Structure formats: C-alpha cells, structure tokens
$ cat input_32.txt   # compact mmCIF, C-alpha atoms
# COMPACT_ATOMS: atom_id res chain seq x y z
CA MET A 661 6.17 -14.67 20.98
CA GLU A 662 2.50 -13.75 20.68
CA LYS A 663 1.75 -10.27 21.95
CA PRO A 664 -1.24 -9.63 24.24
CA SER A 665 -4.30 -7.82 22.96
CA PHE A 666 -5.25 -4.42 24.32
CA GLU A 667 -8.55 -4.35 26.17
CA LEU A 668 -10.88 -1.38 25.79
CA LEU A 669 -13.65 -0.76 28.34
CA ASN A 670 -16.52 1.57 27.51
CA PRO A 671 -17.35 3.18 30.89
CA ALA A 672 -20.81 4.23 29.70
CA THR A 673 -21.99 0.74 28.72
CA GLY A 674 -19.51 -1.57 30.44
CA THR A 675 -18.81 -3.20 27.06
CA LYS A 676 -15.32 -4.62 26.61
CA SER A 677 -13.47 -4.98 23.33
CA GLU A 678 -10.25 -6.77 22.52
CA LEU A 679 -7.90 -4.93 20.18
CA PRO A 680 -5.44 -7.49 18.78
CA VAL A 681 -1.84 -6.37 18.32
CA ARG A 682 -0.49 -6.93 14.83
CA SER A 683 3.26 -6.95 14.35
CA GLY A 684 5.16 -6.36 11.14
CA SER A 685 8.63 -7.65 10.33
CA ILE A 686 10.05 -4.30 11.56
CA GLY A 687 8.50 -1.06 12.75
CA PRO A 688 5.81 -0.18 15.30
CA ASP A 689 3.07 -2.63 16.21
CA CYS A 690 -0.48 -1.82 15.11
CA LEU A 691 -3.75 -2.15 17.00
CA ASP A 692 -6.39 -3.90 14.93
CA ILE A 693 -9.47 -1.71 15.42
CA SER A 694 -11.51 -3.20 12.58
CA ALA A 695 -14.18 -4.54 14.99
CA LEU A 696 -14.34 -1.41 17.13
CA SER A 697 -17.38 0.10 15.40
CA LYS A 698 -19.31 -3.16 15.62
CA ASP A 699 -18.40 -3.74 19.30
CA GLN A 700 -18.61 -0.20 20.63
CA GLY A 701 -20.50 1.81 18.03
CA VAL A 702 -17.63 4.33 17.70
CA PHE A 703 -15.06 5.33 15.09
CA THR A 704 -11.47 6.43 15.67
CA PHE A 705 -10.59 10.06 14.92
CA ASP A 706 -7.25 10.57 13.14
CA PRO A 707 -7.08 13.72 10.98
CA ALA A 708 -4.77 13.25 7.97
CA PHE A 709 -4.35 9.56 8.97
CA SER A 710 -1.17 10.46 10.85
CA VAL A 711 -1.20 7.37 13.09
CA THR A 712 -3.35 5.03 11.02
CA ALA A 713 -1.96 2.06 9.09
CA SER A 714 -4.26 2.00 6.06
CA CYS A 715 -2.94 -1.26 4.64
CA GLU A 716 -0.44 -4.09 4.98
CA SER A 717 2.51 -3.79 2.60
CA LYS A 718 5.80 -5.52 1.86
CA ILE A 719 7.29 -2.85 -0.40
CA THR A 720 8.90 0.05 1.46
CA PHE A 721 9.81 0.72 5.10
CA ILE A 722 10.64 4.07 6.67
CA ASP A 723 12.00 4.69 10.17
CA GLY A 724 11.62 8.43 10.44
CA ASP A 725 13.44 8.75 13.78
CA ALA A 726 16.51 6.84 12.59
CA GLY A 727 16.47 8.26 9.04
CA VAL A 728 16.09 4.83 7.41
CA LEU A 729 14.53 4.07 4.01
CA LEU A 730 14.38 0.47 2.77
CA TYR A 731 13.14 -0.76 -0.62
CA ARG A 732 12.04 -4.40 -0.15
CA GLY A 733 14.52 -4.52 2.76
CA TYR A 734 17.48 -2.99 0.91
CA PRO A 735 18.86 0.33 2.30
CA VAL A 736 18.41 3.10 -0.24
CA GLU A 737 22.06 4.11 0.29
CA GLN A 738 23.26 0.73 -1.02
CA LEU A 739 20.95 0.84 -4.01
CA ALA A 740 21.96 4.42 -4.86
CA ALA A 741 25.64 3.49 -4.74
CA ARG A 742 25.51 0.20 -6.65
CA SER A 743 22.25 -0.19 -8.53
CA SER A 744 20.26 1.51 -11.31
CA PHE A 745 16.73 2.83 -11.68
CA MET A 746 15.69 -0.09 -13.90
CA GLU A 747 16.98 -2.57 -11.33
CA VAL A 748 15.15 -0.71 -8.53
CA ALA A 749 11.98 -0.67 -10.64
CA TYR A 750 12.19 -4.45 -11.04
CA LEU A 751 12.86 -4.86 -7.31
CA LEU A 752 9.87 -2.76 -6.25
CA ILE A 753 7.42 -4.34 -8.70
CA TYR A 754 8.54 -7.98 -8.54
CA GLY A 755 9.81 -8.11 -4.96
CA GLU A 756 13.37 -9.33 -5.56
CA LEU A 757 16.52 -8.05 -7.24
CA PRO A 758 16.70 -9.48 -10.78
CA SER A 759 19.27 -11.87 -12.14
CA ASN A 760 21.31 -10.60 -15.05
CA THR A 761 19.00 -12.43 -17.49
CA GLN A 762 15.88 -11.06 -15.81
CA LEU A 763 17.23 -7.51 -15.78
CA THR A 764 18.17 -7.68 -19.47
CA ALA A 765 14.73 -8.98 -20.37
CA TYR A 766 13.04 -6.28 -18.27
CA ARG A 767 15.10 -3.47 -19.81
CA THR A 768 14.35 -4.81 -23.29
CA SER A 769 10.62 -4.94 -22.60
CA ILE A 770 10.57 -1.39 -21.19
CA THR A 771 12.58 -0.11 -24.17
CA ARG A 772 10.18 -1.70 -26.66
CA HIS A 773 7.14 -0.17 -24.97
CA THR A 774 8.32 3.47 -25.08
CA MET A 775 6.39 4.45 -28.22
CA ILE A 776 2.96 6.03 -27.73
CA ASN A 777 0.04 6.03 -30.14
CA GLU A 778 0.08 8.94 -32.60
CA SER A 779 -3.41 9.91 -31.45
CA LEU A 780 -1.97 10.56 -28.00
CA LEU A 781 0.52 12.95 -29.58
CA ARG A 782 -2.32 14.78 -31.32
CA PHE A 783 -4.15 14.88 -27.99
CA THR A 784 -1.09 16.53 -26.41
CA ASN A 785 -0.99 19.11 -29.19
CA GLY A 786 -4.57 20.05 -28.38
CA PHE A 787 -3.60 21.66 -25.07
CA HIS A 788 -2.99 25.37 -24.72
CA HIS A 789 0.65 26.27 -25.30
CA ASN A 790 1.18 27.35 -21.69
CA ALA A 791 -0.76 24.53 -20.00
CA HIS A 792 1.06 23.11 -16.99
CA PRO A 793 2.86 19.87 -17.94
CA MET A 794 1.32 18.03 -14.97
CA ALA A 795 -2.16 18.78 -16.32
CA MET A 796 -1.17 17.34 -19.67
CA VAL A 797 0.52 14.25 -18.20
CA SER A 798 -2.44 13.49 -15.93
CA ALA A 799 -4.91 13.78 -18.81
CA VAL A 800 -2.86 11.73 -21.27
CA VAL A 801 -2.26 8.94 -18.71
CA ALA A 802 -5.99 8.71 -18.01
CA SER A 803 -6.72 8.59 -21.74
CA MET A 804 -4.42 5.56 -22.18
CA ALA A 805 -7.36 3.46 -21.01
CA ALA A 806 -9.03 4.25 -24.34
CA PHE A 807 -6.09 2.71 -26.23
CA TYR A 808 -5.27 -0.41 -24.18
CA TYR A 809 -8.75 -1.55 -23.15
CA ASP A 810 -8.03 -5.06 -24.45
CA SER A 811 -5.51 -5.72 -21.63
CA MET A 812 -7.01 -4.00 -18.59
CA ASP A 813 -8.53 -6.92 -16.71
CA ILE A 814 -7.24 -6.09 -13.24
CA HIS A 815 -7.84 -9.68 -12.11
CA ASN A 816 -5.60 -11.09 -14.83
CA PRO A 817 -1.96 -11.28 -13.61
CA ARG A 818 -0.60 -11.11 -17.16
CA HIS A 819 -2.67 -8.00 -17.91
CA ARG A 820 -1.35 -6.38 -14.74
CA GLU A 821 2.21 -7.12 -15.78
CA ILE A 822 1.66 -5.72 -19.30
CA PHE A 823 0.21 -2.56 -17.78
CA SER A 824 3.18 -2.20 -15.42
CA HIS A 825 5.65 -2.34 -18.32
CA ARG A 826 3.62 0.02 -20.48
CA ILE A 827 3.16 2.76 -17.92
CA VAL A 828 6.80 2.74 -16.75
CA ALA A 829 7.99 2.79 -20.37
CA LYS A 830 5.63 5.43 -21.71
CA LEU A 831 5.69 8.03 -18.91
CA PRO A 832 9.01 9.56 -20.13
CA THR A 833 7.64 9.73 -23.69
CA ILE A 834 4.44 11.42 -22.48
CA ALA A 835 6.47 13.84 -20.36
CA ALA A 836 8.77 14.70 -23.26
CA ALA A 837 5.76 15.32 -25.51
CA ALA A 838 4.36 17.77 -22.92
CA HIS A 839 7.74 19.51 -22.73
CA LYS A 840 8.14 19.83 -26.51
CA HIS A 841 4.57 21.11 -26.83
CA ALA A 842 5.29 23.88 -24.31
CA LEU A 843 8.38 24.88 -26.33
CA GLY A 844 6.62 24.70 -29.68
CA GLN A 845 9.26 22.25 -30.88
CA PRO A 846 8.67 19.04 -32.88
CA PHE A 847 8.32 15.86 -30.91
CA VAL A 848 11.39 13.61 -30.74
CA TYR A 849 10.62 9.91 -30.84
CA PRO A 850 12.18 7.45 -28.37
CA ARG A 851 15.28 5.52 -29.37
CA ASN A 852 15.71 1.84 -28.60
CA ASP A 853 19.50 2.15 -28.52
CA LEU A 854 19.44 4.41 -25.46
CA ALA A 855 19.01 3.52 -21.79
CA TYR A 856 15.98 4.76 -19.84
CA CYS A 857 17.29 8.10 -18.58
CA ALA A 858 19.46 8.80 -21.63
CA ASN A 859 16.39 8.23 -23.81
CA LEU A 860 14.41 10.71 -21.72
CA LEU A 861 17.11 13.38 -22.02
CA ASN A 862 17.33 12.82 -25.76
CA MET A 863 13.56 13.25 -26.17
CA PHE A 864 13.74 16.41 -24.04
CA PHE A 865 16.67 18.18 -25.67
CA ALA A 866 17.27 16.79 -29.17
CA VAL A 867 15.95 18.64 -32.22
CA PRO A 868 15.63 17.30 -35.78
CA CYS A 869 17.96 19.90 -37.31
CA GLU A 870 21.18 18.85 -35.57
CA PRO A 871 22.71 15.89 -33.73
CA TYR A 872 22.43 15.70 -29.94
CA GLN A 873 24.77 13.75 -27.71
CA VAL A 874 23.45 12.73 -24.29
CA ASP A 875 25.88 13.64 -21.51
CA PRO A 876 26.48 10.43 -19.50
CA VAL A 877 26.96 12.51 -16.34
CA ALA A 878 23.48 14.00 -16.79
CA ALA A 879 21.95 10.57 -17.45
CA GLN A 880 23.65 9.12 -14.37
CA ALA A 881 22.43 12.01 -12.18
CA LEU A 882 18.87 11.59 -13.44
CA ASP A 883 19.06 7.84 -12.82
CA LEU A 884 20.11 8.52 -9.21
CA LEU A 885 17.26 10.99 -8.64
CA PHE A 886 14.76 8.51 -10.05
CA MET A 887 16.03 5.77 -7.73
CA LEU A 888 15.66 8.00 -4.68
CA HIS A 889 12.15 9.10 -5.68
CA ALA A 890 10.89 5.65 -6.74
CA ASP A 891 8.80 4.97 -3.65
CA HIS A 892 8.15 6.37 -0.20
CA GLU A 893 5.62 4.16 1.55
CA GLN A 894 2.01 5.40 2.02
CA ASN A 895 2.47 9.03 0.99
CA ALA A 896 -0.41 11.16 -0.32
CA SER A 897 -0.12 10.19 -3.98
CA THR A 898 0.49 6.49 -3.31
CA SER A 899 -2.50 6.43 -0.96
CA THR A 900 -4.51 8.14 -3.71
CA VAL A 901 -3.53 5.44 -6.21
CA ARG A 902 -4.52 2.74 -3.73
CA LEU A 903 -7.85 4.40 -2.90
CA ALA A 904 -8.74 4.97 -6.56
CA GLY A 905 -7.59 1.46 -7.47
CA SER A 906 -9.63 -0.09 -4.66
CA THR A 907 -12.81 0.82 -6.57
CA GLY A 908 -11.79 -1.51 -9.39
CA ALA A 909 -11.07 1.43 -11.68
CA ASN A 910 -8.71 0.73 -14.58
CA PRO A 911 -5.04 1.12 -13.62
CA TYR A 912 -4.45 4.13 -15.88
CA ALA A 913 -7.18 6.03 -14.03
CA ALA A 914 -5.54 5.14 -10.72
CA ILE A 915 -2.10 6.34 -11.88
CA SER A 916 -3.63 9.52 -13.30
CA ALA A 917 -5.14 10.18 -9.86
CA GLY A 918 -1.69 9.73 -8.35
CA VAL A 919 -0.20 12.24 -10.82
CA SER A 920 -2.84 14.79 -9.83
CA ALA A 921 -2.19 14.25 -6.11
CA LEU A 922 1.56 14.59 -6.65
CA TRP A 923 1.01 17.97 -8.31
CA GLY A 924 0.32 19.66 -4.95
CA PRO A 925 3.06 22.03 -3.71
CA ALA A 926 3.10 20.26 -0.33
CA HIS A 927 3.95 16.97 -2.07
CA GLY A 928 5.67 16.67 -5.44
CA GLY A 929 5.81 20.41 -6.08
CA ALA A 930 8.10 21.02 -3.12
CA ASN A 931 11.36 20.90 -5.13
CA GLU A 932 10.03 23.63 -7.43
CA ALA A 933 9.05 25.64 -4.35
CA VAL A 934 12.63 25.36 -3.01
CA LEU A 935 14.01 27.05 -6.12
CA ASP A 936 11.36 29.77 -5.86
CA MET A 937 12.37 30.30 -2.22
CA LEU A 938 16.08 30.52 -3.03
CA GLU A 939 15.37 33.10 -5.71
CA GLN A 940 13.24 35.04 -3.25
CA ILE A 941 16.08 35.06 -0.69
CA GLY A 942 18.43 36.21 -3.45
CA THR A 943 21.78 36.54 -1.71
CA ALA A 944 23.50 35.03 1.32
CA ASP A 945 23.34 38.27 3.32
CA GLN A 946 19.53 38.05 3.22
CA ILE A 947 19.42 34.58 4.82
CA PRO A 948 19.17 35.76 8.47
CA LYS A 949 16.23 38.00 7.56
CA TYR A 950 14.33 35.13 5.95
CA LEU A 951 15.15 32.70 8.75
CA ASP A 952 13.64 35.19 11.20
CA MET A 953 10.56 35.35 8.98
CA ALA A 954 10.33 31.55 8.99
CA LYS A 955 10.28 31.60 12.80
CA ASP A 956 7.58 34.27 12.90
CA LYS A 957 4.18 32.59 12.98
CA SER A 958 2.54 35.75 11.65
CA SER A 959 4.74 35.66 8.54
CA HIS A 960 3.61 33.87 5.38
CA PHE A 961 7.20 32.86 4.52
CA LYS A 962 7.99 29.15 4.84
CA LEU A 963 11.43 27.56 4.74
CA MET A 964 10.89 25.10 1.91
CA GLY A 965 12.94 21.90 1.73
CA PHE A 966 13.49 21.64 5.48
CA GLY A 967 11.80 19.09 7.69
CA HIS A 968 9.65 16.15 6.67
CA ARG A 969 6.30 14.70 7.69
CA VAL A 970 7.89 11.30 8.38
CA TYR A 971 11.61 11.87 8.94
CA LYS A 972 12.39 13.31 12.37
CA ASN A 973 16.08 13.06 11.61
CA PHE A 974 18.08 13.76 8.45
CA ASP A 975 16.34 12.54 5.28
CA PRO A 976 18.67 9.73 4.07
CA ARG A 977 17.94 10.68 0.46
CA ALA A 978 19.07 14.26 1.10
CA LYS A 979 22.53 13.07 2.15
CA ILE A 980 22.93 11.20 -1.13
CA ILE A 981 21.62 14.04 -3.29
CA ARG A 982 23.78 16.62 -1.50
CA GLU A 983 26.91 14.66 -2.48
CA ALA A 984 25.53 14.15 -5.98
CA CYS A 985 25.01 17.91 -6.32
CA HIS A 986 28.73 18.51 -5.86
CA ARG A 987 29.68 15.78 -8.32
CA VAL A 988 27.18 16.76 -11.00
CA LEU A 989 27.91 20.48 -10.92
CA ALA A 990 31.65 19.82 -10.98
CA LYS A 991 31.46 17.40 -13.91
CA LEU A 992 29.12 19.65 -15.86
CA GLY A 993 31.40 22.63 -15.23
CA ARG A 994 28.75 24.51 -13.25
CA THR A 995 30.42 24.80 -9.86
CA ASP A 996 29.66 28.52 -9.82
CA ASN A 997 25.92 27.82 -9.71
CA PRO A 998 24.64 30.67 -7.49
CA LEU A 999 21.51 28.84 -6.35
CA PHE A 1000 23.54 25.84 -5.19
CA GLU A 1001 25.98 28.10 -3.34
CA LEU A 1002 23.05 29.88 -1.73
CA ALA A 1003 21.48 26.53 -0.79
CA LEU A 1004 24.72 25.41 0.89
CA ARG A 1005 24.98 28.65 2.82
CA LEU A 1006 21.33 28.47 3.88
CA GLU A 1007 21.82 24.90 5.08
CA GLU A 1008 24.96 25.88 7.01
CA ILE A 1009 23.30 28.80 8.80
CA ALA A 1010 20.00 27.01 9.49
CA LEU A 1011 21.73 23.97 11.00
CA LYS A 1012 23.51 26.22 13.50
CA ASP A 1013 20.26 27.86 14.53
CA GLU A 1014 18.78 26.44 17.74
CA TYR A 1015 15.23 27.01 16.50
CA PHE A 1016 15.63 24.66 13.53
CA VAL A 1017 17.95 22.18 15.26
CA SER A 1018 15.64 21.71 18.26
CA ARG A 1019 12.73 21.04 15.91
CA LYS A 1020 14.87 18.69 13.78
CA LEU A 1021 14.19 20.71 10.65
CA TYR A 1022 16.93 19.21 8.50
CA PRO A 1023 17.16 19.51 4.69
CA ASN A 1024 15.03 16.94 2.87
CA VAL A 1025 15.25 15.39 -0.60
CA ASP A 1026 13.53 18.37 -2.24
CA PHE A 1027 16.15 20.82 -1.00
CA TYR A 1028 18.79 19.60 -3.48
CA SER A 1029 16.88 17.79 -6.24
CA GLY A 1030 15.67 21.03 -7.80
CA VAL A 1031 19.24 22.33 -8.00
CA ILE A 1032 20.30 19.19 -9.90
CA TYR A 1033 17.35 19.47 -12.29
CA SER A 1034 18.30 23.09 -12.88
CA ALA A 1035 21.90 22.10 -13.63
CA LEU A 1036 20.65 19.49 -16.12
CA GLY A 1037 18.70 22.18 -17.98
CA ILE A 1038 15.26 20.82 -17.08
CA PRO A 1039 12.75 23.69 -16.78
CA ARG A 1040 11.15 24.30 -13.41
CA SER A 1041 7.66 23.50 -14.67
CA MET A 1042 8.88 19.94 -15.39
CA TYR A 1043 10.33 19.19 -11.93
CA THR A 1044 7.15 17.57 -10.62
CA VAL A 1045 6.79 15.65 -13.88
CA MET A 1046 10.26 14.19 -13.27
CA PHE A 1047 9.08 13.17 -9.82
CA ALA A 1048 6.00 11.52 -11.37
CA ILE A 1049 8.11 9.48 -13.79
CA ALA A 1050 10.15 8.09 -10.90
CA ARG A 1051 7.25 7.59 -8.49
CA THR A 1052 5.18 5.73 -11.11
CA VAL A 1053 7.27 2.67 -10.29
CA GLY A 1054 6.19 2.84 -6.65
CA TRP A 1055 2.56 3.53 -7.58
CA VAL A 1056 2.53 0.48 -9.84
CA ALA A 1057 4.09 -1.73 -7.16
CA HIS A 1058 1.50 -0.66 -4.57
CA TRP A 1059 -1.40 -0.99 -7.02
CA MET A 1060 -0.31 -4.50 -8.01
CA GLU A 1061 0.18 -5.52 -4.37
CA MET A 1062 -3.30 -4.26 -3.45
CA ILE A 1063 -5.11 -5.77 -6.45
CA SER A 1064 -3.54 -9.19 -5.89
CA ASP A 1065 -4.55 -9.22 -2.21
CA PRO A 1066 -7.59 -11.53 -1.76
CA ALA A 1067 -8.70 -9.40 1.21
CA MET A 1068 -8.86 -6.16 -0.83
CA ARG A 1069 -11.90 -4.01 -0.15
CA ILE A 1070 -12.93 -0.62 -1.48
CA GLY A 1071 -11.45 2.16 0.64
CA ARG A 1072 -14.07 3.98 2.71
CA PRO A 1073 -12.79 6.41 5.39
CA ARG A 1074 -15.31 7.61 7.97
CA GLN A 1075 -15.82 11.02 9.54
CA LEU A 1076 -16.70 12.96 12.68
CA TYR A 1077 -19.83 14.83 11.60
CA THR A 1078 -20.23 18.31 13.15
CA GLY A 1079 -22.86 19.78 10.80
CA PRO A 1080 -26.55 20.51 11.47
CA THR A 1081 -28.76 17.80 12.92
CA GLN A 1082 -31.86 16.75 10.99
CA ARG A 1083 -34.14 19.65 10.01
CA ASP A 1084 -37.25 20.01 7.86
CA TYR A 1085 -37.32 21.56 4.43
CA LEU A 1086 -39.05 24.97 4.09
CA ASP A 1087 -40.44 26.25 0.81
CA VAL A 1088 -38.52 29.25 -0.47
CA ALA A 1089 -41.43 31.62 0.18
CA LYS A 1090 -41.40 30.74 3.88
CA ARG A 1091 -37.68 31.32 4.41
CA SER A 1092 -36.68 34.55 6.14
$ encode --input "input_32.txt" --output "structure tokens"
Amino acid sequence: MEKPSFELLNPATGTKSELPVRSGSIGPDCLDISALSKDQGVFTFDPAFSVTASCESKITFIDGDAGVLLYRGYPVEQLAARSSFMEVAYLLIYGELPSNTQLTAYRTSITRHTMINESLLRFTNGFHHNAHPMAMVSAVVASMAAFYYDSMDIHNPRHREIFSHRIVAKLPTIAAAAHKHALGQPFVYPRNDLAYCANLLNMFFAVPCEPYQVDPVAAQALDLLFMLHADHEQNASTSTVRLAGSTGANPYAAISAGVSALWGPAHGGANEAVLDMLEQIGTADQIPKYLDMAKDKSSHFKLMGFGHRVYKNFDPRAKIIREACHRVLAKLGRTDNPLFELALRLEEIALKDEYFVSRKLYPNVDFYSGVIYSALGIPRSMYTVMFAIARTVGWVAHWMEMISDPAMRIGRPRQLYTGPTQRDYLDVAKRS
C-alpha cells in the first residue's frame, strides 16, 4: 500500500512542498527532503545526524528499542551461535551466506592474501617505539595505495573484490606488526595452515626461539568477538568511510579514515575505557561511591560501558559476550579474574539502581569485550585495533555497496551559519 506524502506549508510565502514517504523493508519510514531546499530555500537542522538517514543500505538493521541486530536479515544471536567470522564476512560483503564451496574458496583467498610487502614492515619499524598502534595501523593502511595502485579502479567490480580480500586478509598482519614493534620483538609471518583468528594469535604471541601452540578456546573467543563487531549500521566510522569514499578516493584511504574515526574513545576506544574505569573503581565496596559520582552532573566521572546511542534496551551483543566471558575465563583457568568479578558486581548493583534502570543504561558490548581481550593476553593499547580488524569487514561492505550504486554522489552536509555577516577588510594599521 502506497503511503501518503507529507505536505509542508511555508506560512511566510504560502509555498507548499510534498515530502514523499520512503519505506524500507523494516524499520521507521523516512521523509524524502531532498527537494526541500529547492522548493522552500531552507535546510533541515539535525546536529550529529541523529534522525537523518544518510543513505539507503541493505547490509545491517538495528532496532534499538527492541534490542535487535540483523546482518543481512540474520539475527546476530543465530550467527554467533552457529557461524564463524569468515562466514559472516562473506555474508556482509556478498549479501548471502556462502555455500560450502564458496566458503572454502573465500577462506583460501583470504589466507593467501595475508602476507604484506616487506617495505610495509620497514615502514612499521620507522615509528617510535611507543607510538599508539592505531596511529601505525591507520598510516600503514593508507600507504597500501602505493603498493596496489594497479588494481584500484573503484569502477571495476573485479578490482573492488580484490581490494576487499586484500584488506580483510592483511589487517591482522598489519596489526601484529604494530604489536611486535611496540614490544621490540621480531615480526612473525602469517601461516597458511592456520585459520583467521588462530593466525592472528600466532602472529601476536609466537616468537622465533620456541614453539607456540594457539589455544583453540582463545581463537574461538576472538572469532566470536569479531563476529559481533563486524558491522553496526551507519556508526561514526562507517559513515566516515562512506563520506571519504564518496569523493572517489582510493579504498585504502577510505578505510584508513575509518580506522582514525574508530580511534576515538567515544567509539572504538570505549572497551579500553571500561578497563580503565574498573581499575579506577578498584574494589566492589567503592562501587556505590562511583555510581553516585556518575549521577552527579558536576562530576567528571562517567560510567563507561553502560548505555548506547542506538540501543534503548539491552545491547544484544552484550548478552552474548557476557556468557562468553564466563566460558572463556573458565576454560582458560582464569575464573578468579578480579576485573571480571568487579564488572559483574558493578552490573548487578547498577541494574538495581532506579537512576540507571529508568534511563535504560544497560551494559553494552564494550562492557565485557575488554575483559575477554585481557583474559586472552592482548594488551590494552591493542583493543581498538582488534575492533578495527573486525569492523573492516563492515566498512568494506558499505564502501562496495555505495560505490556500486549508480545514484552515488559526493557527500556534502550543510550547516546553520551563526558567524559574522559580511564585513569589509581593514588594513592592519587601521585596526584598534
């Protein structure tokens, strides 16, 4: 059934405009305001784009009120329970779950693209020893355009596919190189006999002087985290990738922009901030004091890992990770992890507090993911890098969707200008 358009009347001019209603397959309808400036000579004002649909997409759907997250229509709970990160990567990028033959071919292609040029390794070694890994990853990803310039025609579908395999395959290798550089350890090359997450762990923790055996429990936990972080609709970093990509910039530049956006503590750095917060709280008896501080608007303390910009109910990913935390710590023999015990106690007390319950400030995905990374031995400075490895799949899917859209245009947000009106230049000698 066709929905009626909204009619807008400008009382000053008497001009009428029709705002067509556009409906998606699920989710809220959208008003098409694309002709509003032409008809009425006005823009819409929406700080932070909170209620603006910036694009049409078929990749991920979120219902924040119901706590629903769908990848290409599949509930994230089903994928987390039965799938793998490589299968989810294929789903997000190609649009459908792969057949067994397709999945095998995809895994093989990703495995055979994990090596990076030796010059990129030397580039990594040129950074200061205590440079933040996200700075290194962002720079190295951008520099990949200097190595693969022969297959960067964004209008060539085959070039886009080659890029998508390369970036997904090489991000763990680049991340591991940044990690080893920070430790002053020799780089460990990728192994084609290992699966995606096992290969990453081997590059992170193996050393040339002794054998290293990847713990399958650790690899499985990392695979789960990557699945849950693979995409999240039009978040800040994904929107950054789309905006940068809309200029026609090479795809490595667009992904590098996404890495930089993800670095912010309000976005990808939140799981690191949760661990910092738990250490600041220290012990369970200090929780009430810090919860009171979180309620005090004059206090600078924030309860990290609670609440979400989109979810107004429980983050569905948090439920999965909370259960995974118990399993991982138990299997790794780290059930006495004090930070995890403190996190559980904080969650228990906060969810009985009317202040947080009434505002629907439930634990989000960041609240537990940092605890799992800590249990796996991954240093805190690498948490956001782990997020970037997983989210690269989503960035690639959105970039490819946008570039292949015939209606793509360069992104160009507008503004409400409140600065000085036109004024005449005065020579410096005449200025008071």
$ closest_residue --input "input_32.txt" --among "A:Tyr1028, A:Phe864, A:Tyr950, A:Tyr734" --to "Gln845 of chain A" --atoms "only C-alpha atoms"
A:Phe864
$ closest_residue --input "input_32.txt" --among "A:Ile915, A:Ala802, A:Ala1048, A:Val1031" --to "Pro832 of chain A" --atoms "all atoms listed in the file"
A:Ala1048
$ closest_residue --input "input_32.txt" --among "A:Ala954, A:Leu999, A:Val988, A:Ala749" --to "Tyr1015 of chain A" --atoms "all atoms listed in the file"
A:Ala954
$ residues_around --input "input_32.txt" --residues "Ala858 of chain A" --least-positions-apart "4" --cutoff "7 Å" --atoms "all atoms listed in the file" --output "PyMOL selection string"
chain A and resi 854+862+874+879
$ residues_around --input "input_32.txt" --residues "Phe886 of chain A" --least-positions-apart "5" --cutoff "12 Å" --atoms "only C-alpha atoms" --output "PyMOL selection string"
chain A and resi 736+739-740+743-749+828+832+856-857+860+879-881+891+977+981+1025+1029+1033+1043-1054
$ residues_near_point --input "input_32.txt" --point "(21.3, 15.6, -20.8)" --cutoff "6 Å" --atoms "all atoms listed in the file" --output "JSON, numbers by chain"
{"A": [861, 874, 875, 878]}
$ closest_residue --input "input_32.txt" --among "A:Gly905, A:Gly727, A:Gly755, A:Pro735" --to "Ala978 of chain A" --atoms "all atoms listed in the file"
A:Gly727
$ atom_distance --input "input_32.txt" --atom1 "atom CA of Gln738 of chain A" --atom2 "atom CA of His773 of chain A"
28.9 Å
$ residues_around --input "input_32.txt" --residues "His1058 of chain A" --least-positions-apart "3" --cutoff "8 Å" --atoms "only C-alpha atoms" --output "ChimeraX atom specification"
/A:717,719,898,902,1054-1055,1061-1062
$ write_last_selection --input "input_32.txt" --atoms "C-alpha atoms" --output "JSON list (two decimals), keeping the file's coordinate frame"
[["chain", "number", "residue", "atom", "x", "y", "z"],
["A", 717, "SER", "CA", 2.51, -3.79, 2.60],
["A", 719, "ILE", "CA", 7.29, -2.85, -0.40],
["A", 898, "THR", "CA", 0.49, 6.49, -3.31],
["A", 902, "ARG", "CA", -4.52, 2.74, -3.73],
["A", 1054, "GLY", "CA", 6.19, 2.84, -6.65],
["A", 1055, "TRP", "CA", 2.56, 3.53, -7.58],
["A", 1061, "GLU", "CA", 0.18, -5.52, -4.37],
["A", 1062, "MET", "CA", -3.30, -4.26, -3.45]]
$ atom_distance --input "input_32.txt" --atom1 "atom CA of Tyr912 of chain A" --atom2 "atom CA of Ser803 of chain A"
7.7 Å
$ closest_atom_pairs --input "input_32.txt" --of "segment 888-916 of chain A" --to "segment 920-924 of chain A" --cutoff "8 Å" --atoms "only C-alpha atoms" --output "tab-separated table"
residue	atom	partner	partner_atom	distance
A:Ala896	CA	A:Ala921	CA	6.8
A:Ser897	CA	A:Ala921	CA	5.0
A:Thr900	CA	A:Ala921	CA	7.0
A:Ser916	CA	A:Ser920	CA	6.4
$ residues_around --input "input_32.txt" --residues "segment 720-723 of chain A" --least-positions-apart "5" --cutoff "10 Å" --atoms "only C-alpha atoms" --output "ChimeraX atom specification"
/A:685-688,728-735,752,891-894,970-973,1054,1058
$ closest_residue --input "input_32.txt" --among "A:Arg1005, A:His819, A:Arg826, A:His789" --to "Met804 of chain A" --atoms "all atoms listed in the file"
A:Arg826
$ axis_aligned_box --input "input_32.txt" --around "segment 1064-1067 of chain A" --padding-each-side "5 Å" --output "AutoDock Vina command-line options"
--center_x -6.1 --center_y -10.4 --center_z -2.3 --size_x 15.2 --size_y 12.3 --size_z 17.1
$ closest_residue --input "input_32.txt" --among "A:Val1088, A:Val681, A:Leu1002, A:Leu1076" --to "Phe703 of chain A" --atoms "only C-alpha atoms"
A:Leu1076
$ atom_distance --input "input_32.txt" --atom1 "atom CA of Tyr808 of chain A" --atom2 "atom CA of Asn852 of chain A"
21.6 Å
